[in-house]
>>> print(open('target-v2.cif').read())   # mmCIF, C-alpha atoms
data_structure
#
loop_
_atom_site.label_atom_id
_atom_site.label_comp_id
_atom_site.auth_asym_id
_atom_site.auth_seq_id
_atom_site.Cartn_x
_atom_site.Cartn_y
_atom_site.Cartn_z
CA ILE A 1 2.95 21.82 -7.27
CA PRO A 2 2.75 21.65 -4.37
CA TRP A 3 1.55 25.22 -3.96
CA GLU A 4 3.13 27.03 -1.02
CA ILE A 5 0.41 28.61 1.11
CA LEU A 6 2.43 30.43 3.75
CA ARG A 7 5.54 30.43 5.89
CA THR A 8 5.88 31.08 9.57
CA LYS A 9 9.08 31.62 11.51
CA ARG A 10 9.71 27.85 11.67
CA CYS A 11 7.26 26.19 9.28
CA LEU A 12 6.18 25.89 5.67
CA VAL A 13 2.49 25.29 5.02
CA ARG A 14 1.81 23.83 1.58
CA GLU A 15 -0.65 21.75 -0.39
CA ILE A 16 -0.58 18.00 0.09
CA THR A 17 0.73 15.64 -2.59
CA VAL A 18 0.39 11.86 -2.85
CA ASP A 19 4.11 11.69 -2.06
CA ASP A 20 3.25 12.84 1.50
CA ILE A 21 1.05 9.86 2.28
CA ASP A 22 3.74 7.57 3.71
CA GLU A 23 4.74 10.27 6.17
CA LEU A 24 1.10 10.85 7.12
CA TYR A 25 0.74 7.15 7.93
CA GLU A 26 3.72 7.54 10.28
CA ILE A 27 1.99 10.46 12.02
CA TYR A 28 -1.43 8.81 12.21
CA LYS A 29 -0.17 5.44 13.48
CA ASP A 30 0.04 6.94 16.99
CA LYS A 31 -3.22 6.09 18.79
CA GLU A 32 -3.12 9.42 20.65
CA ILE A 33 -3.34 11.19 17.29
CA THR A 34 -6.42 9.28 16.13
CA MET A 35 -8.16 9.19 19.49
CA TYR A 36 -10.19 12.31 18.67
CA MET A 37 -10.09 12.39 14.88
CA GLU A 38 -10.56 10.25 11.81
CA SER A 39 -7.75 7.94 10.86
CA LEU A 40 -6.45 7.42 7.35
CA PHE A 41 -7.83 4.60 5.19
CA GLU A 42 -6.44 1.20 6.15
CA ASP A 43 -5.79 0.53 2.47
CA LYS A 44 -3.04 2.87 1.29
CA GLU A 45 -4.34 2.81 -2.29
CA GLU A 46 -7.70 4.12 -1.06
CA GLU A 47 -5.89 6.95 0.74
CA ILE A 48 -3.95 7.79 -2.43
CA GLU A 49 -7.15 7.93 -4.47
CA TYR A 50 -8.89 9.99 -1.78
CA THR A 51 -5.94 12.41 -1.72
CA ARG A 52 -5.99 12.82 -5.51
CA LYS A 53 -9.71 13.64 -5.40
CA TYR A 54 -9.18 15.93 -2.41
CA ILE A 55 -6.50 17.93 -4.24
CA GLN A 56 -8.75 18.33 -7.26
CA THR A 57 -11.93 19.12 -5.33
CA MET A 58 -10.83 21.12 -2.31
CA TYR A 59 -7.87 23.00 -3.71
CA GLY A 60 -9.33 23.20 -7.21
CA PHE A 61 -12.84 24.29 -6.26
CA TYR A 62 -12.46 26.05 -2.91
CA GLY A 63 -8.86 27.23 -3.11
CA PHE A 64 -8.11 26.03 0.41
CA GLY A 65 -8.15 22.85 2.46
CA MET A 66 -6.03 20.89 4.89
CA TRP A 67 -2.39 21.52 4.14
CA ILE A 68 0.91 19.88 5.01
CA VAL A 69 3.05 21.46 7.74
CA GLU A 70 6.84 21.08 7.36
CA ARG A 71 9.64 22.31 9.56
CA LEU A 72 11.75 24.83 7.66
CA ASP A 73 15.02 23.78 9.29
CA ASN A 74 14.94 20.15 8.12
CA GLY A 75 11.93 19.72 5.79
CA ARG A 76 10.32 17.14 8.11
CA ILE A 77 6.56 16.85 7.78
CA ILE A 78 5.20 17.46 11.27
CA GLY A 79 1.48 17.54 10.60
CA ARG A 80 -1.45 19.03 8.80
CA ALA A 81 -3.45 22.19 9.34
CA GLY A 82 -5.91 24.22 7.37
CA LEU A 83 -9.47 25.11 6.62
CA SER A 84 -12.44 22.98 5.70
CA VAL A 85 -16.14 23.25 4.97
CA ARG A 86 -18.69 21.56 7.20
CA GLU A 87 -22.00 21.71 5.34
CA GLU A 88 -24.17 22.28 8.41
CA TYR A 89 -22.23 25.43 9.36
CA GLU A 90 -21.78 28.70 7.53
CA ASP A 91 -18.27 29.46 8.76
CA LEU A 92 -15.13 27.58 7.74
CA GLU A 93 -13.54 25.18 10.19
CA LEU A 94 -9.95 25.33 11.44
CA GLY A 95 -8.35 21.91 11.75
CA TYR A 96 -4.89 20.75 12.76
CA VAL A 97 -2.78 17.79 13.80
CA ILE A 98 0.87 17.88 14.87
CA ARG A 99 2.84 14.64 15.17
CA LYS A 100 3.26 13.43 18.74
CA ASP A 101 7.02 13.99 19.05
CA GLU A 102 6.68 17.59 17.79
CA GLN A 103 3.86 18.62 20.13
CA ARG A 104 4.38 21.12 22.97
CA LYS A 105 6.93 23.07 20.95
CA GLY A 106 4.56 25.82 19.80
CA TYR A 107 4.20 24.64 16.19
CA GLY A 108 0.43 24.24 16.39
CA GLU A 109 -0.12 27.74 17.75
CA GLU A 110 2.35 29.28 15.29
CA VAL A 111 0.82 27.60 12.25
CA CYS A 112 -2.82 28.02 13.26
CA GLU A 113 -2.35 31.71 14.02
CA ALA A 114 -0.85 32.15 10.54
CA ILE A 115 -3.75 30.23 8.98
CA ILE A 116 -6.25 32.47 10.78
CA ARG A 117 -4.45 35.51 9.36
CA TYR A 118 -4.48 33.89 5.90
CA ALA A 119 -8.22 33.19 6.21
CA VAL A 120 -8.94 36.81 7.10
CA GLU A 121 -6.59 38.46 4.63
CA GLU A 122 -6.91 36.14 1.62
CA LEU A 123 -10.40 34.66 2.02
CA GLU A 124 -12.02 37.60 3.84
CA VAL A 125 -13.28 35.33 6.61
CA GLN A 126 -14.94 37.02 9.58
CA SER A 127 -15.18 34.00 11.88
CA LEU A 128 -14.09 30.36 12.12
CA ASN A 129 -15.33 27.19 13.80
CA ALA A 130 -13.38 24.53 15.64
CA PHE A 131 -15.00 21.29 16.82
CA ILE A 132 -13.20 19.61 19.69
CA HIS A 133 -13.87 16.58 21.86
CA PRO A 134 -14.07 17.85 25.47
CA ASP A 135 -11.49 15.29 26.61
CA ASN A 136 -8.93 16.51 24.07
CA LEU A 137 -7.30 18.85 26.58
CA ASN A 138 -4.29 19.69 24.40
CA SER A 139 -6.57 20.90 21.63
CA VAL A 140 -8.79 22.82 24.07
CA LYS A 141 -5.68 24.57 25.40
CA LEU A 142 -4.45 25.43 21.89
CA ILE A 143 -7.81 26.72 20.69
CA SER A 144 -8.06 28.91 23.79
CA LYS A 145 -4.61 30.42 23.06
CA LEU A 146 -5.93 31.19 19.57
CA GLU A 147 -8.79 33.16 21.18
CA PHE A 148 -11.63 30.85 20.21
CA GLU A 149 -14.60 30.92 22.58
CA LYS A 150 -16.68 27.89 23.50
CA LYS A 151 -20.13 28.29 21.96
CA GLU A 152 -22.16 25.10 22.32
CA LYS A 153 -22.22 21.33 22.41
CA VAL A 154 -22.90 19.65 19.06
CA ASN A 155 -23.19 16.12 17.71
CA ILE A 156 -21.12 15.42 14.62
CA ASP A 157 -21.10 11.93 13.13
CA GLY A 158 -22.19 10.48 16.49
CA ALA A 159 -19.51 12.31 18.50
CA ALA A 160 -20.39 14.83 21.20
CA LEU A 161 -18.10 17.80 20.52
CA ASP A 162 -17.74 21.35 21.73
CA ARG A 163 -18.07 24.04 19.08
CA TYR A 164 -15.64 26.92 19.44
CA ILE A 165 -15.86 30.18 17.48
CA TRP A 166 -13.14 32.65 16.53
CA ASN A 167 -14.39 36.07 15.51
CA LYS A 168 -12.44 38.80 13.74
CA ASN A 169 -14.27 41.45 15.76
CA ALA A 170 -13.23 40.01 19.12
CA ILE A 171 -10.75 41.97 21.17
CA GLY A 172 -7.56 39.96 21.47
CA LYS A 173 -4.00 39.88 20.17
CA ILE A 174 -4.86 37.94 17.00
CA ALA A 175 -8.14 39.68 16.18
CA HIS A 176 -6.76 43.08 17.17
CA GLY A 177 -4.33 42.90 14.26
CA PHE A 178 -7.30 43.10 11.88
CA LEU A 179 -9.18 46.02 13.45
#
>>> encode(input="target-v2.cif", output="structure tokens")
Amino acid sequence: IPWEILRTKRCLVREITVDDIDELYEIYKDKEITMYMESLFEDKEEEIEYTRKYIQTMYGFYGFGMWIVERLDNGRIIGRAGLSVREEYEDLELGYVIRKDEQRKGYGEEVCEAIIRYAVEELEVQSLNAFIHPDNLNSVKLISKLEFEKKEKVNIDGAALDRYIWNKNAIGKIAHGFL
């Protein structure tokens, strides 16, 4: 523990531990980070308890989840990325957050591309969802680089989001590696 999921050229992707929570609060304190996504619990003890249950439920039952992203060169936690289940949808969902001062350096694309490969190779996934607020232009740009296509507008927990789909059978640099 924590279980190492994968490595990219510059990052380690691993399971979360309760020891990571202080660093996550540092990442999530930036209002630009939480503008389009849920924040952490205000009460740190609630977040610790939630994380313990998450580790047991998601990793224990599903074998995947949202993971911690660390830089390999210095061990700094720079975000989270991974796969989740949204009950209304058949396909898994790709999610990610990279701390503000580490954005625009290619970490998001590098890690998410590796997670897509992991999903296909280890979990035999054929397609993935991503749900993005239309004003979140950085995320729209990233998801487009990852070859997701905009499918439809959806309402999730009162938020109007765009649903994007990645498909293994699409013709593109990422999907082509699986054909």
>>> closest_residue(input="target-v2.cif", among="A:Cys112, A:Leu12, A:Val18, A:Ile156", to="A:Glu87", atoms="all atoms listed in the file")
A:Ile156
>>> resolve_selection(input="target-v2.cif", expression="the PyMOL selection byres ((chain A and resi 13) around 6)", output="list in words")
Ile5, Leu6, Leu12, Arg14, Ile68 and Val69 of chain A
>>> write_last_selection(input="target-v2.cif", atoms="C-alpha atoms", output="PDB file, in the frame of the given file")
ATOM      1  CA  ILE A   5       0.410  28.610   1.110  1.00  0.00           C
ATOM      2  CA  LEU A   6       2.430  30.430   3.750  1.00  0.00           C
ATOM      3  CA  LEU A  12       6.180  25.890   5.670  1.00  0.00           C
ATOM      4  CA  ARG A  14       1.810  23.830   1.580  1.00  0.00           C
ATOM      5  CA  ILE A  68       0.910  19.880   5.010  1.00  0.00           C
ATOM      6  CA  VAL A  69       3.050  21.460   7.740  1.00  0.00           C
TER       7      VAL A  69
END
>>> resolve_selection(input="target-v2.cif", expression="the PyMOL selection byres ((chain A and resi 39) around 12)", output="list in words")
Leu24, Tyr25, Glu26, Ile27, Tyr28, Lys29, Asp30, Lys31, Glu32, Ile33, Thr34, Met35, Tyr36, Met37, Glu38, Leu40, Phe41, Glu42, Asp43, Lys44, Glu47 and Val97 of chain A
>>> resolve_selection(input="target-v2.cif", expression="the PyMOL selection byres ((chain A and resi 122-136) around 7)", output="MDAnalysis selection string")
chainID A and resid 36 91:95 118:121 137:140 160:168
>>> atom_distance(input="target-v2.cif", atom1="atom CA of A:Glu102", atom2="atom CA of A:Ile48")
24.9 Å
>>> build_atoms(input="target-v2.cif", residues="stretch 32-43 of chain A", atoms="all heavy atoms", output="short mmCIF file (atom, residue, chain, number, x, y, z; two decimals), in the coordinates of the input")
data_model
loop_
_atom_site.label_atom_id
_atom_site.label_comp_id
_atom_site.auth_asym_id
_atom_site.auth_seq_id
_atom_site.Cartn_x
_atom_site.Cartn_y
_atom_site.Cartn_z
N GLU A 32 -2.75 8.13 20.06
CA GLU A 32 -3.12 9.42 20.65
C GLU A 32 -3.52 10.43 19.58
O GLU A 32 -4.32 11.32 19.84
CB GLU A 32 -1.98 9.97 21.51
CG GLU A 32 -1.81 9.21 22.81
CD GLU A 32 -0.78 9.87 23.70
OE1 GLU A 32 -0.84 11.11 23.89
OE2 GLU A 32 0.09 9.14 24.21
N ILE A 33 -2.98 10.30 18.39
CA ILE A 33 -3.34 11.19 17.29
C ILE A 33 -4.76 10.90 16.82
O ILE A 33 -5.54 11.81 16.58
CB ILE A 33 -2.33 11.06 16.11
CG1 ILE A 33 -0.94 11.54 16.53
CG2 ILE A 33 -2.83 11.77 14.86
CD1 ILE A 33 -0.82 13.03 16.80
N THR A 34 -5.10 9.64 16.68
CA THR A 34 -6.42 9.28 16.13
C THR A 34 -7.51 9.11 17.19
O THR A 34 -8.63 8.79 16.86
CB THR A 34 -6.31 8.00 15.29
OG1 THR A 34 -5.78 6.95 16.11
CG2 THR A 34 -5.42 8.21 14.08
N MET A 35 -7.18 9.34 18.43
CA MET A 35 -8.16 9.19 19.49
C MET A 35 -9.36 10.11 19.30
O MET A 35 -10.50 9.75 19.58
CB MET A 35 -7.51 9.46 20.85
CG MET A 35 -8.40 9.14 22.03
SD MET A 35 -7.58 9.45 23.61
CE MET A 35 -6.13 8.40 23.49
N TYR A 36 -9.13 11.31 18.80
CA TYR A 36 -10.19 12.31 18.67
C TYR A 36 -10.44 12.74 17.23
O TYR A 36 -11.10 13.74 17.00
CB TYR A 36 -9.85 13.54 19.51
CG TYR A 36 -9.65 13.22 20.97
CD1 TYR A 36 -8.40 13.35 21.56
CD2 TYR A 36 -10.70 12.77 21.75
CE1 TYR A 36 -8.21 13.05 22.90
CE2 TYR A 36 -10.52 12.47 23.09
CZ TYR A 36 -9.28 12.62 23.66
OH TYR A 36 -9.09 12.33 24.98
N MET A 37 -9.90 12.02 16.28
CA MET A 37 -10.09 12.39 14.88
C MET A 37 -10.09 11.15 14.00
O MET A 37 -9.68 10.08 14.42
CB MET A 37 -9.00 13.36 14.43
CG MET A 37 -7.62 12.77 14.42
SD MET A 37 -6.30 13.94 14.08
CE MET A 37 -6.90 14.80 12.68
N GLU A 38 -10.55 11.34 12.78
CA GLU A 38 -10.56 10.25 11.81
C GLU A 38 -9.15 9.80 11.50
O GLU A 38 -8.23 10.60 11.42
CB GLU A 38 -11.17 10.74 10.49
CG GLU A 38 -12.64 10.54 10.38
CD GLU A 38 -13.13 10.96 9.00
OE1 GLU A 38 -12.40 10.81 8.00
OE2 GLU A 38 -14.27 11.44 8.94
N SER A 39 -9.03 8.50 11.28
CA SER A 39 -7.75 7.94 10.86
C SER A 39 -7.69 7.98 9.33
O SER A 39 -8.65 8.36 8.67
CB SER A 39 -7.64 6.51 11.36
OG SER A 39 -6.36 6.00 11.11
N LEU A 40 -6.58 7.59 8.79
CA LEU A 40 -6.45 7.42 7.35
C LEU A 40 -7.09 6.09 6.95
O LEU A 40 -7.35 5.24 7.80
CB LEU A 40 -4.97 7.44 6.95
CG LEU A 40 -4.18 8.68 7.35
CD1 LEU A 40 -2.72 8.52 6.97
CD2 LEU A 40 -4.76 9.94 6.73
N PHE A 41 -7.32 5.89 5.66
CA PHE A 41 -7.83 4.60 5.19
C PHE A 41 -6.83 3.50 5.53
O PHE A 41 -5.62 3.71 5.44
CB PHE A 41 -8.04 4.62 3.67
CG PHE A 41 -9.23 5.43 3.23
CD1 PHE A 41 -9.05 6.70 2.71
CD2 PHE A 41 -10.51 4.93 3.34
CE1 PHE A 41 -10.14 7.46 2.29
CE2 PHE A 41 -11.61 5.67 2.92
CZ PHE A 41 -11.42 6.94 2.40
N GLU A 42 -7.34 2.34 5.89
CA GLU A 42 -6.44 1.20 6.15
C GLU A 42 -5.68 0.83 4.89
O GLU A 42 -4.50 0.52 4.95
CB GLU A 42 -7.25 -0.01 6.65
CG GLU A 42 -7.54 0.04 8.12
CD GLU A 42 -8.14 -1.27 8.61
OE1 GLU A 42 -7.62 -2.34 8.26
OE2 GLU A 42 -9.13 -1.18 9.36
N ASP A 43 -6.38 0.85 3.76
CA ASP A 43 -5.79 0.53 2.47
C ASP A 43 -5.11 1.78 1.91
O ASP A 43 -5.77 2.78 1.61
CB ASP A 43 -6.87 0.04 1.51
CG ASP A 43 -6.35 -0.32 0.14
OD1 ASP A 43 -5.16 -0.08 -0.16
OD2 ASP A 43 -7.15 -0.86 -0.66
#
